[in-house]
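Participant: Below you'll find the structure I mean.
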Amino acid sequence: MTEHTPKQGNASLTKNMLIVNQAAPYSKSNAKEALDLALAAATFDQDVNILFTGDACYQLLNQQQPEYADSKNITRMLKALPIYGVNELYVDSESMACRNIDELADGLSVKQVSPEEIKQLYQNADAVIRF
Amino acid sequence: MAILHTLNKPPSHAALTSELTNALLSDDAVLLIEDGVYHALEIENPENSLFAKAAKIYVLKDDALCRGISTPSKAKLVTYDEFVKLSTEHHKVISWY
């Protein structure tokens, strides 16, 4: 009979989590909910990476003024993510290109990734949650 | 008589955009609201047939500013009050969603 020895330390409790955003902000609550999950997971020491693809690229636009819709500013919250220990933000470069988006919000550190790199992100994660 | 079409979905909703484009007559106006304002990013695209066909293009101010969309020269930013006025000035309003 083999004995299962539990791993020591916190290593086994940490998962590499990929949160994939594909919705535009404001009309639906997807963006906000994804952010809530990212913050919660990072607070509990998970390795969190976030990918923006499809219409979620619109979450990264500059000069959003959500006061006009009584909403919270998504980009301001995204800029605060590194403080909470969220790792990398990635954006799908093809999604950006087909939406004519050249520049993203100031002060936001996001890496552009190709479809091949996106495949790797999905492969490397222990858990993937799409919003 | 001119129709006012409102569109509240972004360009990724290709089928909806096609249907609207096909329904447009030469006098018609298109008003972009909610996520529809994201179409403004593609107005200058020469391949874009939606805006080539519409006589007038309007963008709802609050929705555009909220999303960080600046109004291109081919379109006009309108307030809610102006939206109401536009509705009275057109034969009917069709909502595309």
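Labeling convention for the structure tokens: chains A, B, ... as they appear, residues from 1 per chain, ligands from 1 in order of appearance.
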Hey, list the chain A side of the contact with chain B: 12 Å cut-off, only C-alpha atoms, answer as a CSV table (one decimal) with all heavy atoms, in the first residue's frame.

Facilitator:
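Done, and the output landed in out_34.csv:
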chain,number,residue,atom,x,y,z
A,22,GLN,N,-13.0,38.6,-21.8
A,22,GLN,CA,-13.3,38.8,-23.3
A,22,GLN,C,-14.5,39.7,-23.4
A,22,GLN,O,-15.0,39.9,-24.6
A,22,GLN,CB,-13.5,37.5,-24.0
A,22,GLN,CG,-14.5,36.5,-23.3
A,22,GLN,CD,-15.9,36.9,-23.5
A,22,GLN,OE1,-16.3,37.2,-24.6
A,22,GLN,NE2,-16.7,36.9,-22.4
A,23,ALA,N,-14.9,40.4,-22.4
A,23,ALA,CA,-16.1,41.3,-22.5
A,23,ALA,C,-15.7,42.7,-22.4
A,23,ALA,O,-14.8,43.1,-21.7
A,23,ALA,CB,-17.1,40.9,-21.4
A,24,ALA,N,-16.5,43.6,-23.1
A,24,ALA,CA,-16.3,45.0,-23.0
A,24,ALA,C,-16.8,45.5,-21.6
A,24,ALA,O,-17.6,44.8,-21.0
A,24,ALA,CB,-17.1,45.7,-24.1
A,25,PRO,N,-16.2,46.6,-21.1
A,25,PRO,CA,-16.6,47.0,-19.8
A,25,PRO,C,-17.9,47.8,-19.8
A,25,PRO,O,-18.4,48.2,-20.8
A,25,PRO,CB,-15.5,48.0,-19.4
A,25,PRO,CG,-15.0,48.5,-20.7
A,25,PRO,CD,-15.2,47.4,-21.7
A,26,TYR,N,-18.5,48.0,-18.6
A,26,TYR,CA,-19.7,48.9,-18.4
A,26,TYR,C,-21.0,48.3,-18.7
A,26,TYR,O,-21.9,48.3,-17.9
A,26,TYR,CB,-19.5,50.3,-19.0
A,26,TYR,CG,-18.2,50.9,-18.6
A,26,TYR,CD1,-17.2,51.3,-19.6
A,26,TYR,CD2,-17.9,51.2,-17.3
A,26,TYR,CE1,-16.0,51.8,-19.2
A,26,TYR,CE2,-16.7,51.8,-16.9
A,26,TYR,CZ,-15.7,52.1,-17.9
A,26,TYR,OH,-14.5,52.6,-17.5
A,27,SER,N,-21.2,47.8,-19.9
A,27,SER,CA,-22.6,47.2,-20.2
A,27,SER,C,-22.9,46.0,-19.4
A,27,SER,O,-24.0,45.7,-19.1
A,27,SER,CB,-22.7,46.9,-21.7
A,27,SER,OG,-23.0,48.1,-22.4
A,28,LYS,N,-21.8,45.2,-19.2
A,28,LYS,CA,-22.0,44.0,-18.4
A,28,LYS,C,-21.0,44.1,-17.2
A,28,LYS,O,-20.1,44.8,-17.2
A,28,LYS,CB,-21.7,42.7,-19.2
A,28,LYS,CG,-22.6,42.6,-20.4
A,28,LYS,CD,-22.6,41.2,-21.0
A,28,LYS,CE,-21.3,40.8,-21.8
A,28,LYS,NZ,-21.4,39.5,-22.5
A,53,THR,N,-8.7,39.7,-24.1
A,53,THR,CA,-8.8,39.3,-25.5
A,53,THR,C,-10.2,39.7,-26.0
A,53,THR,O,-11.0,40.1,-25.2
A,53,THR,CB,-8.6,37.8,-25.7
A,53,THR,OG1,-8.7,37.4,-27.0
A,53,THR,CG2,-9.6,37.0,-24.9
A,54,GLY,N,-10.4,39.7,-27.3
A,54,GLY,CA,-11.7,40.1,-27.9
A,54,GLY,C,-12.1,41.5,-27.4
A,54,GLY,O,-11.2,42.4,-27.4
A,55,ASP,N,-13.3,41.7,-27.1
A,55,ASP,CA,-13.9,43.0,-26.7
A,55,ASP,C,-13.3,43.5,-25.3
A,55,ASP,O,-13.5,44.7,-25.0
A,55,ASP,CB,-15.4,42.9,-26.6
A,55,ASP,CG,-16.1,42.9,-27.9
A,55,ASP,OD1,-15.4,43.3,-28.9
A,55,ASP,OD2,-17.3,42.6,-28.0
A,56,ALA,N,-12.6,42.6,-24.6
A,56,ALA,CA,-12.0,43.1,-23.3
A,56,ALA,C,-10.9,44.1,-23.6
A,56,ALA,O,-10.5,44.8,-22.6
A,56,ALA,CB,-11.5,41.9,-22.5
A,57,CYS,N,-10.4,44.1,-24.8
A,57,CYS,CA,-9.3,45.2,-25.1
A,57,CYS,C,-9.9,46.6,-24.8
A,57,CYS,O,-9.1,47.5,-24.5
A,57,CYS,CB,-8.9,45.1,-26.6
A,57,CYS,SG,-8.2,43.5,-27.0
A,58,TYR,N,-11.2,46.7,-25.0
A,58,TYR,CA,-11.8,48.0,-24.7
A,58,TYR,C,-11.6,48.4,-23.2
A,58,TYR,O,-11.8,49.6,-22.9
A,58,TYR,CB,-13.3,48.0,-25.1
A,58,TYR,CG,-13.6,47.8,-26.5
A,58,TYR,CD1,-14.5,46.9,-26.9
A,58,TYR,CD2,-13.0,48.6,-27.5
A,58,TYR,CE1,-14.8,46.6,-28.3
A,58,TYR,CE2,-13.3,48.4,-28.9
A,58,TYR,CZ,-14.2,47.4,-29.3
A,58,TYR,OH,-14.5,47.2,-30.6
A,59,GLN,N,-11.4,47.5,-22.4
A,59,GLN,CA,-11.2,47.8,-20.9
A,59,GLN,C,-9.9,48.6,-20.7
A,59,GLN,O,-9.7,49.3,-19.7
A,59,GLN,CB,-11.1,46.5,-20.1
A,59,GLN,CG,-12.4,45.7,-20.0
A,59,GLN,CD,-12.2,44.5,-19.1
A,59,GLN,OE1,-11.5,44.5,-18.1
A,59,GLN,NE2,-12.9,43.4,-19.4
A,60,LEU,N,-9.0,48.5,-21.7
A,60,LEU,CA,-7.7,49.1,-21.6
A,60,LEU,C,-7.5,50.5,-22.2
A,60,LEU,O,-6.4,51.0,-22.3
A,60,LEU,CB,-6.6,48.2,-22.1
A,60,LEU,CG,-6.7,46.7,-21.6
A,60,LEU,CD1,-5.7,45.8,-22.3
A,60,LEU,CD2,-6.4,46.7,-20.1
A,61,LEU,N,-8.6,51.0,-22.8
A,61,LEU,CA,-8.6,52.2,-23.5
A,61,LEU,C,-8.2,53.4,-22.6
A,61,LEU,O,-8.6,53.4,-21.4
A,61,LEU,CB,-9.9,52.6,-24.2
A,61,LEU,CG,-10.3,51.7,-25.4
A,61,LEU,CD1,-11.6,52.1,-25.9
A,61,LEU,CD2,-9.2,51.9,-26.5
A,62,ASN,N,-7.6,54.4,-23.2
A,62,ASN,CA,-7.2,55.6,-22.4
A,62,ASN,C,-8.4,56.5,-22.2
A,62,ASN,O,-9.4,56.4,-23.0
A,62,ASN,CB,-6.1,56.3,-23.2
A,62,ASN,CG,-5.1,57.0,-22.3
A,62,ASN,OD1,-5.3,57.0,-21.1
A,62,ASN,ND2,-4.0,57.5,-22.9
A,63,GLN,N,-8.3,57.4,-21.3
A,63,GLN,CA,-9.3,58.5,-21.1
A,63,GLN,C,-10.7,58.0,-20.9
A,63,GLN,O,-11.6,58.7,-21.3
A,63,GLN,CB,-9.2,59.4,-22.3
A,63,GLN,CG,-7.9,60.2,-22.3
A,63,GLN,CD,-7.7,61.0,-23.6
A,63,GLN,OE1,-8.4,60.7,-24.6
A,63,GLN,NE2,-6.9,61.9,-23.5
A,64,GLN,N,-10.9,56.9,-20.2
A,64,GLN,CA,-12.3,56.5,-19.8
A,64,GLN,C,-12.7,57.4,-18.7
A,64,GLN,O,-12.0,57.7,-17.8
A,64,GLN,CB,-12.3,55.1,-19.4
A,64,GLN,CG,-11.9,54.1,-20.5
A,64,GLN,CD,-11.9,52.7,-20.1
A,64,GLN,OE1,-12.9,52.2,-19.4
A,64,GLN,NE2,-10.9,51.9,-20.4
A,65,GLN,N,-14.0,57.9,-18.8
A,65,GLN,CA,-14.5,58.7,-17.7
A,65,GLN,C,-15.8,58.1,-17.2
A,65,GLN,O,-16.9,58.6,-17.6
A,65,GLN,CB,-14.8,60.1,-18.2
A,65,GLN,CG,-13.5,60.8,-18.7
A,65,GLN,CD,-13.8,62.2,-19.4
A,65,GLN,OE1,-13.8,62.3,-20.6
A,65,GLN,NE2,-14.2,63.1,-18.6
A,66,PRO,N,-15.8,57.0,-16.4
A,66,PRO,CA,-17.0,56.3,-16.1
A,66,PRO,C,-17.9,57.1,-15.2
A,66,PRO,O,-19.0,56.6,-14.9
A,66,PRO,CB,-16.4,55.1,-15.3
A,66,PRO,CG,-15.0,55.4,-15.0
A,66,PRO,CD,-14.5,56.5,-15.9
A,67,GLU,N,-17.5,58.2,-14.7
A,67,GLU,CA,-18.5,59.1,-13.9
A,67,GLU,C,-19.7,59.3,-14.7
A,67,GLU,O,-20.8,59.5,-14.2
A,67,GLU,CB,-17.9,60.4,-13.5
A,67,GLU,CG,-16.4,60.4,-13.1
A,67,GLU,CD,-15.4,60.3,-14.2
A,67,GLU,OE1,-15.2,61.3,-14.9
A,67,GLU,OE2,-14.8,59.2,-14.3
A,68,TYR,N,-19.6,59.4,-16.1
A,68,TYR,CA,-20.7,59.6,-16.9
A,68,TYR,C,-21.7,58.5,-16.9
A,68,TYR,O,-22.9,58.6,-17.3
A,68,TYR,CB,-20.2,59.8,-18.4
A,68,TYR,CG,-19.7,61.2,-18.6
A,68,TYR,CD1,-18.4,61.5,-18.5
A,68,TYR,CD2,-20.6,62.3,-19.0
A,68,TYR,CE1,-17.9,62.8,-18.7
A,68,TYR,CE2,-20.2,63.5,-19.2
A,68,TYR,CZ,-18.8,63.8,-19.0
A,68,TYR,OH,-18.4,65.1,-19.2
A,69,ALA,N,-21.3,57.3,-16.4
A,69,ALA,CA,-22.2,56.2,-16.3
A,69,ALA,C,-22.4,55.7,-14.8
A,69,ALA,O,-22.8,54.6,-14.6
A,69,ALA,CB,-21.8,55.0,-17.2
A,70,ASP,N,-22.0,56.6,-13.9
A,70,ASP,CA,-22.0,56.2,-12.5
A,70,ASP,C,-21.3,54.9,-12.2
A,70,ASP,O,-21.8,54.1,-11.4
A,70,ASP,CB,-23.5,56.1,-12.0
A,70,ASP,CG,-24.1,57.4,-11.9
A,70,ASP,OD1,-23.4,58.4,-11.6
A,70,ASP,OD2,-25.3,57.5,-12.3
A,71,SER,N,-20.2,54.7,-12.9
A,71,SER,CA,-19.4,53.4,-12.7
A,71,SER,C,-18.1,53.7,-12.2
A,71,SER,O,-17.6,54.8,-12.1
A,71,SER,CB,-19.2,52.7,-14.1
A,71,SER,OG,-20.3,51.9,-14.4
A,72,LYS,N,-17.4,52.6,-11.7
A,72,LYS,CA,-16.0,52.7,-11.3
A,72,LYS,C,-15.1,52.6,-12.5
A,72,LYS,O,-15.4,52.0,-13.4
A,72,LYS,CB,-15.7,51.6,-10.3
A,72,LYS,CG,-16.5,51.6,-9.0
A,72,LYS,CD,-15.7,51.3,-7.8
A,72,LYS,CE,-16.5,51.4,-6.5
A,72,LYS,NZ,-16.7,50.1,-6.0
A,73,ASN,N,-14.0,53.3,-12.3
A,73,ASN,CA,-13.0,53.3,-13.4
A,73,ASN,C,-12.2,52.0,-13.4
A,73,ASN,O,-11.4,51.7,-12.6
A,73,ASN,CB,-12.0,54.5,-13.3
A,73,ASN,CG,-11.2,54.7,-14.5
A,73,ASN,OD1,-10.7,53.7,-15.1
A,73,ASN,ND2,-11.0,55.9,-14.9
A,74,ILE,N,-12.4,51.2,-14.5
A,74,ILE,CA,-11.8,49.9,-14.6
A,74,ILE,C,-10.3,50.0,-14.7
A,74,ILE,O,-9.5,49.3,-14.1
A,74,ILE,CB,-12.3,49.2,-15.9
A,74,ILE,CG1,-13.7,48.7,-15.7
A,74,ILE,CG2,-11.4,48.0,-16.2
A,74,ILE,CD1,-13.9,47.6,-14.8
A,75,THR,N,-9.8,51.0,-15.5
A,75,THR,CA,-8.4,51.2,-15.7
A,75,THR,C,-7.6,51.5,-14.5
A,75,THR,O,-6.5,51.1,-14.2
A,75,THR,CB,-8.1,52.2,-16.8
A,75,THR,OG1,-9.1,52.1,-17.8
A,75,THR,CG2,-6.7,51.9,-17.5
A,95,SER,N,-6.5,41.0,-31.3
A,95,SER,CA,-7.8,41.6,-30.9
A,95,SER,C,-7.7,43.1,-31.0
A,95,SER,O,-8.6,43.8,-31.4
A,95,SER,CB,-8.2,41.2,-29.5
A,95,SER,OG,-8.5,39.8,-29.5
A,96,MET,N,-6.5,43.6,-30.5
A,96,MET,CA,-6.3,45.0,-30.5
A,96,MET,C,-6.3,45.6,-32.0
A,96,MET,O,-6.9,46.6,-32.3
A,96,MET,CB,-4.9,45.4,-29.9
A,96,MET,CG,-5.0,45.5,-28.4
A,96,MET,SD,-3.4,45.9,-27.7
A,96,MET,CE,-3.0,47.5,-28.5
A,97,ALA,N,-5.5,44.9,-32.8
A,97,ALA,CA,-5.4,45.3,-34.2
A,97,ALA,C,-6.7,45.3,-34.9
A,97,ALA,O,-7.0,46.3,-35.6
A,97,ALA,CB,-4.4,44.4,-34.9
A,98,CYS,N,-7.5,44.3,-34.8
A,98,CYS,CA,-8.8,44.3,-35.6
A,98,CYS,C,-9.8,45.3,-35.0
A,98,CYS,O,-10.8,45.6,-35.6
A,98,CYS,CB,-9.4,42.9,-35.7
A,98,CYS,SG,-10.3,42.3,-34.3
A,99,ARG,N,-9.6,45.8,-33.8
A,99,ARG,CA,-10.4,46.9,-33.3
A,99,ARG,C,-9.8,48.3,-33.4
A,99,ARG,O,-10.3,49.3,-32.9
A,99,ARG,CB,-10.7,46.6,-31.8
A,99,ARG,CG,-11.7,45.5,-31.6
A,99,ARG,CD,-11.7,45.0,-30.2
A,99,ARG,NE,-12.7,43.9,-30.0
A,99,ARG,CZ,-12.5,42.7,-30.6
A,99,ARG,NH1,-11.4,42.4,-31.2
A,99,ARG,NH2,-13.5,41.8,-30.4
A,100,ASN,N,-8.7,48.3,-34.2
A,100,ASN,CA,-8.1,49.6,-34.4
A,100,ASN,C,-7.6,50.3,-33.2
A,100,ASN,O,-7.6,51.5,-33.0
A,100,ASN,CB,-9.1,50.6,-35.1
A,100,ASN,CG,-8.9,50.6,-36.6
A,100,ASN,OD1,-8.3,49.8,-37.1
A,100,ASN,ND2,-9.6,51.6,-37.2
A,101,ILE,N,-7.1,49.5,-32.2
A,101,ILE,CA,-6.6,50.1,-31.0
A,101,ILE,C,-5.1,50.2,-31.0
A,101,ILE,O,-4.5,49.1,-31.1
A,101,ILE,CB,-7.1,49.3,-29.7
A,101,ILE,CG1,-8.6,49.2,-29.7
A,101,ILE,CG2,-6.5,49.9,-28.4
A,101,ILE,CD1,-9.1,48.3,-28.6
A,102,ASP,N,-4.6,51.4,-31.0
A,102,ASP,CA,-3.1,51.5,-31.1
A,102,ASP,C,-2.5,51.7,-29.7
A,102,ASP,O,-1.5,51.1,-29.4
A,102,ASP,CB,-2.7,52.7,-31.9
A,102,ASP,CG,-3.3,52.7,-33.3
A,102,ASP,OD1,-3.2,51.6,-33.9
A,102,ASP,OD2,-3.8,53.7,-33.8
A,103,GLU,N,-3.1,52.5,-28.9
A,103,GLU,CA,-2.5,52.8,-27.6
A,103,GLU,C,-3.5,52.5,-26.5
A,103,GLU,O,-4.7,52.6,-26.6
A,103,GLU,CB,-2.0,54.2,-27.5
A,103,GLU,CG,-2.8,55.2,-28.3
A,103,GLU,CD,-2.4,56.7,-27.9
A,103,GLU,OE1,-2.7,57.1,-26.8
A,103,GLU,OE2,-1.8,57.3,-28.8
A,104,LEU,N,-2.8,52.1,-25.4
A,104,LEU,CA,-3.6,51.7,-24.2
A,104,LEU,C,-3.4,52.8,-23.1
A,104,LEU,O,-2.6,53.7,-23.3
A,104,LEU,CB,-3.0,50.4,-23.7
A,104,LEU,CG,-3.2,49.2,-24.7
A,104,LEU,CD1,-2.5,47.9,-24.2
A,104,LEU,CD2,-4.6,49.0,-25.1
A,105,ALA,N,-4.1,52.6,-22.1
A,105,ALA,CA,-4.1,53.6,-21.0
A,105,ALA,C,-2.7,53.8,-20.5
A,105,ALA,O,-1.9,52.9,-20.3
A,105,ALA,CB,-5.0,53.2,-19.9

Participant: For Ile19 of chain A, find every residue with an atom within 10 Å (counting only C-alpha atoms), except residues of its own chain fewer than 4 positions away, and show them as a list in words.

Facilitator: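 Using only C-alpha atoms, the neighbours found are Ala34, Leu35, Leu37, Ala38, Val48, Asn49, Ile50, Leu51, Phe52, Leu89, Tyr122, Ala125, Ala127, Val128, Ile129, Arg130 and Phe131 of chain A.
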
Participant: Which residues in chain B does DSSP call helix (DSSP H, G or I)? List them as a PyMOL selection string.

Facilitator: chain B and resi 14-23+34-42+49-53+61-67+80-89

Participant: Give me a file of those residues, with C-alpha atoms, as a tab-separated table (two decimals), in the first residue's frame.

Facilitator:
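File produced: out-v4.tsv:
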chain	number	residue	atom	x	y	z
B	14	ALA	CA	-20.77	41.18	-36.93
B	15	ALA	CA	-24.11	39.65	-37.90
B	16	LEU	CA	-26.03	42.43	-36.18
B	17	THR	CA	-23.89	45.08	-37.85
B	18	SER	CA	-24.46	43.44	-41.26
B	19	GLU	CA	-28.20	43.34	-40.80
B	20	LEU	CA	-28.28	47.01	-39.90
B	21	THR	CA	-26.00	47.93	-42.81
B	22	ASN	CA	-28.26	46.05	-45.22
B	23	ALA	CA	-31.36	47.78	-43.89
B	34	GLU	CA	-23.87	51.96	-25.03
B	35	ASP	CA	-21.31	49.50	-26.43
B	36	GLY	CA	-22.26	50.62	-29.96
B	37	VAL	CA	-20.01	53.66	-29.48
B	38	TYR	CA	-17.01	51.38	-30.05
B	39	HIS	CA	-17.91	51.45	-33.76
B	40	ALA	CA	-16.54	54.99	-33.76
B	41	LEU	CA	-13.03	53.51	-33.62
B	42	GLU	CA	-13.63	52.04	-37.07
B	49	SER	CA	-19.75	49.90	-45.13
B	50	LEU	CA	-22.00	50.78	-42.19
B	51	PHE	CA	-20.74	54.33	-42.11
B	52	ALA	CA	-20.36	54.65	-45.85
B	53	LYS	CA	-24.11	54.11	-46.22
B	61	LYS	CA	-22.14	61.63	-25.37
B	62	ASP	CA	-22.35	59.99	-21.94
B	63	ASP	CA	-21.66	56.52	-23.35
B	64	ALA	CA	-18.72	57.74	-25.47
B	65	LEU	CA	-17.04	59.68	-22.70
B	66	CYS	CA	-17.53	56.86	-20.22
B	67	ARG	CA	-15.71	54.44	-22.55
B	80	TYR	CA	-29.81	62.70	-24.16
B	81	ASP	CA	-31.96	65.75	-24.89
B	82	GLU	CA	-30.67	65.87	-28.43
B	83	PHE	CA	-31.41	62.14	-28.72
B	84	VAL	CA	-35.02	62.86	-27.86
B	85	LYS	CA	-35.11	65.63	-30.44
B	86	LEU	CA	-33.64	63.33	-33.10
B	87	SER	CA	-36.35	60.77	-32.39
B	88	THR	CA	-39.06	63.33	-33.09
B	89	GLU	CA	-37.35	64.46	-36.27

Participant: With distances taken over only C-alpha atoms, which of A:Asn16, A:Gln123, A:Ser93, A:Gln46 is nearest to Lys111 of chain A?

Facilitator: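 For Lys111 of chain A, the nearest of the given residues is A:Ser93.
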
Participant: In Å, with one decimal, what is the gap from atom CA of Ala42 of chain A to atom CA of Asp126 of chain A?

Facilitator: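 Computing the Euclidean distance for atom CA of Ala42 of chain A and atom CA of Asp126 of chain A yields 14.5 Å.
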
Participant: When you look at Thr43 of chain A with a cut-off of 12 Å (counting only C-alpha atoms), what residues show up, excluding the ones that are within fewer than 3 positions of it in the same chain? I need them as a PyMOL selection string.

Facilitator: chain A and resi 14+36-40+46-48+81-86

Participant: Can you work out the spacing between atom CA of Leu31 of chain B and atom CA of Leu77 of chain B in Å, to one decimal?

Facilitator: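 So the answer is 9.4 Å.
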
Participant: Between atom CA of Val78 of chain B and atom CA of Ala54 of chain B, what distance in Å does the model show, to one decimal?

Facilitator: 16.5 Å

Participant: Give me, as a list in words, the residues of chain B that a backbone DSSP run labels strand (DSSP E or B).

Facilitator: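 Those residues are Ile3, Leu4, His5, Thr6, Leu7, Ala29, Val30, Leu31, Leu32, Lys56, Ile57, Tyr58, Val59, Leu60, Lys76, Leu77, Val78, Lys92, Val93, Ile94, Ser95 and Trp96 of chain B.
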
Participant: Export, as a PDB file, in the first residue's frame, the selected residues with N, CA, C and O atoms.

Facilitator:
ATOM      1  N   ILE B   3     -35.190  57.251 -41.296  1.00  0.00           N
ATOM      2  CA  ILE B   3     -35.283  56.423 -40.086  1.00  0.00           C
ATOM      3  C   ILE B   3     -34.072  56.704 -39.208  1.00  0.00           C
ATOM      4  O   ILE B   3     -32.965  56.925 -39.711  1.00  0.00           O
ATOM      5  N   LEU B   4     -34.290  56.677 -37.888  1.00  0.00           N
ATOM      6  CA  LEU B   4     -33.176  56.745 -36.946  1.00  0.00           C
ATOM      7  C   LEU B   4     -32.931  55.336 -36.408  1.00  0.00           C
ATOM      8  O   LEU B   4     -33.836  54.713 -35.853  1.00  0.00           O
ATOM      9  N   HIS B   5     -31.723  54.810 -36.639  1.00  0.00           N
ATOM     10  CA  HIS B   5     -31.377  53.481 -36.151  1.00  0.00           C
ATOM     11  C   HIS B   5     -30.472  53.635 -34.940  1.00  0.00           C
ATOM     12  O   HIS B   5     -29.486  54.368 -35.019  1.00  0.00           O
ATOM     13  N   THR B   6     -30.780  52.938 -33.834  1.00  0.00           N
ATOM     14  CA  THR B   6     -29.846  52.959 -32.707  1.00  0.00           C
ATOM     15  C   THR B   6     -29.153  51.603 -32.655  1.00  0.00           C
ATOM     16  O   THR B   6     -29.772  50.559 -32.885  1.00  0.00           O
ATOM     17  N   LEU B   7     -27.849  51.626 -32.353  1.00  0.00           N
ATOM     18  CA  LEU B   7     -27.051  50.404 -32.301  1.00  0.00           C
ATOM     19  C   LEU B   7     -26.311  50.384 -30.976  1.00  0.00           C
ATOM     20  O   LEU B   7     -25.581  51.326 -30.660  1.00  0.00           O
ATOM     21  N   ALA B  29     -30.227  57.762 -40.489  1.00  0.00           N
ATOM     22  CA  ALA B  29     -29.196  58.136 -39.527  1.00  0.00           C
ATOM     23  C   ALA B  29     -28.962  56.981 -38.568  1.00  0.00           C
ATOM     24  O   ALA B  29     -29.874  56.196 -38.285  1.00  0.00           O
ATOM     25  N   VAL B  30     -27.729  56.876 -38.098  1.00  0.00           N
ATOM     26  CA  VAL B  30     -27.385  55.849 -37.116  1.00  0.00           C
ATOM     27  C   VAL B  30     -26.918  56.540 -35.838  1.00  0.00           C
ATOM     28  O   VAL B  30     -26.076  57.434 -35.883  1.00  0.00           O
ATOM     29  N   LEU B  31     -27.503  56.131 -34.712  1.00  0.00           N
ATOM     30  CA  LEU B  31     -27.063  56.662 -33.418  1.00  0.00           C
ATOM     31  C   LEU B  31     -26.409  55.532 -32.647  1.00  0.00           C
ATOM     32  O   LEU B  31     -27.024  54.494 -32.404  1.00  0.00           O
ATOM     33  N   LEU B  32     -25.149  55.742 -32.276  1.00  0.00           N
ATOM     34  CA  LEU B  32     -24.407  54.733 -31.509  1.00  0.00           C
ATOM     35  C   LEU B  32     -24.601  54.995 -30.029  1.00  0.00           C
ATOM     36  O   LEU B  32     -24.362  56.102 -29.548  1.00  0.00           O
ATOM     37  N   LYS B  56     -26.215  60.208 -41.761  1.00  0.00           N
ATOM     38  CA  LYS B  56     -25.723  60.897 -40.571  1.00  0.00           C
ATOM     39  C   LYS B  56     -25.322  59.864 -39.521  1.00  0.00           C
ATOM     40  O   LYS B  56     -26.006  58.857 -39.360  1.00  0.00           O
ATOM     41  N   ILE B  57     -24.249  60.180 -38.798  1.00  0.00           N
ATOM     42  CA  ILE B  57     -23.837  59.296 -37.709  1.00  0.00           C
ATOM     43  C   ILE B  57     -23.761  60.100 -36.416  1.00  0.00           C
ATOM     44  O   ILE B  57     -23.104  61.141 -36.374  1.00  0.00           O
ATOM     45  N   TYR B  58     -24.467  59.620 -35.394  1.00  0.00           N
ATOM     46  CA  TYR B  58     -24.458  60.297 -34.103  1.00  0.00           C
ATOM     47  C   TYR B  58     -23.911  59.352 -33.052  1.00  0.00           C
ATOM     48  O   TYR B  58     -24.049  58.142 -33.155  1.00  0.00           O
ATOM     49  N   VAL B  59     -23.294  59.943 -32.019  1.00  0.00           N
ATOM     50  CA  VAL B  59     -22.743  59.155 -30.921  1.00  0.00           C
ATOM     51  C   VAL B  59     -23.264  59.750 -29.617  1.00  0.00           C
ATOM     52  O   VAL B  59     -23.190  60.958 -29.408  1.00  0.00           O
ATOM     53  N   LEU B  60     -23.807  58.900 -28.749  1.00  0.00           N
ATOM     54  CA  LEU B  60     -24.355  59.397 -27.491  1.00  0.00           C
ATOM     55  C   LEU B  60     -23.224  59.785 -26.530  1.00  0.00           C
ATOM     56  O   LEU B  60     -22.364  58.973 -26.199  1.00  0.00           O
ATOM     57  N   LYS B  76     -21.348  63.005 -35.013  1.00  0.00           N
ATOM     58  CA  LYS B  76     -21.695  64.126 -34.142  1.00  0.00           C
ATOM     59  C   LYS B  76     -22.067  63.606 -32.758  1.00  0.00           C
ATOM     60  O   LYS B  76     -22.874  62.696 -32.624  1.00  0.00           O
ATOM     61  N   LEU B  77     -21.494  64.216 -31.738  1.00  0.00           N
ATOM     62  CA  LEU B  77     -21.779  63.832 -30.361  1.00  0.00           C
ATOM     63  C   LEU B  77     -23.125  64.444 -29.967  1.00  0.00           C
ATOM     64  O   LEU B  77     -23.372  65.613 -30.224  1.00  0.00           O
ATOM     65  N   VAL B  78     -24.026  63.634 -29.380  1.00  0.00           N
ATOM     66  CA  VAL B  78     -25.310  64.200 -28.949  1.00  0.00           C
ATOM     67  C   VAL B  78     -25.595  63.873 -27.491  1.00  0.00           C
ATOM     68  O   VAL B  78     -25.206  62.828 -26.985  1.00  0.00           O
ATOM     69  N   LYS B  92     -39.364  57.109 -37.883  1.00  0.00           N
ATOM     70  CA  LYS B  92     -39.446  56.136 -36.794  1.00  0.00           C
ATOM     71  C   LYS B  92     -38.043  55.813 -36.289  1.00  0.00           C
ATOM     72  O   LYS B  92     -37.045  56.197 -36.915  1.00  0.00           O
ATOM     73  N   VAL B  93     -38.000  55.115 -35.139  1.00  0.00           N
ATOM     74  CA  VAL B  93     -36.728  54.710 -34.552  1.00  0.00           C
ATOM     75  C   VAL B  93     -36.681  53.190 -34.510  1.00  0.00           C
ATOM     76  O   VAL B  93     -37.637  52.547 -34.064  1.00  0.00           O
ATOM     77  N   ILE B  94     -35.593  52.600 -34.994  1.00  0.00           N
ATOM     78  CA  ILE B  94     -35.420  51.146 -34.904  1.00  0.00           C
ATOM     79  C   ILE B  94     -34.225  50.869 -34.005  1.00  0.00           C
ATOM     80  O   ILE B  94     -33.139  51.414 -34.210  1.00  0.00           O
ATOM     81  N   SER B  95     -34.433  50.021 -32.975  1.00  0.00           N
ATOM     82  CA  SER B  95     -33.358  49.675 -32.052  1.00  0.00           C
ATOM     83  C   SER B  95     -32.718  48.368 -32.475  1.00  0.00           C
ATOM     84  O   SER B  95     -33.397  47.350 -32.572  1.00  0.00           O
ATOM     85  N   TRP B  96     -31.414  48.380 -32.714  1.00  0.00           N
ATOM     86  CA  TRP B  96     -30.690  47.160 -33.092  1.00  0.00           C
ATOM     87  C   TRP B  96     -29.883  46.700 -31.871  1.00  0.00           C
ATOM     88  O   TRP B  96     -29.030  47.427 -31.380  1.00  0.00           O
TER      89      TRP B  96
END
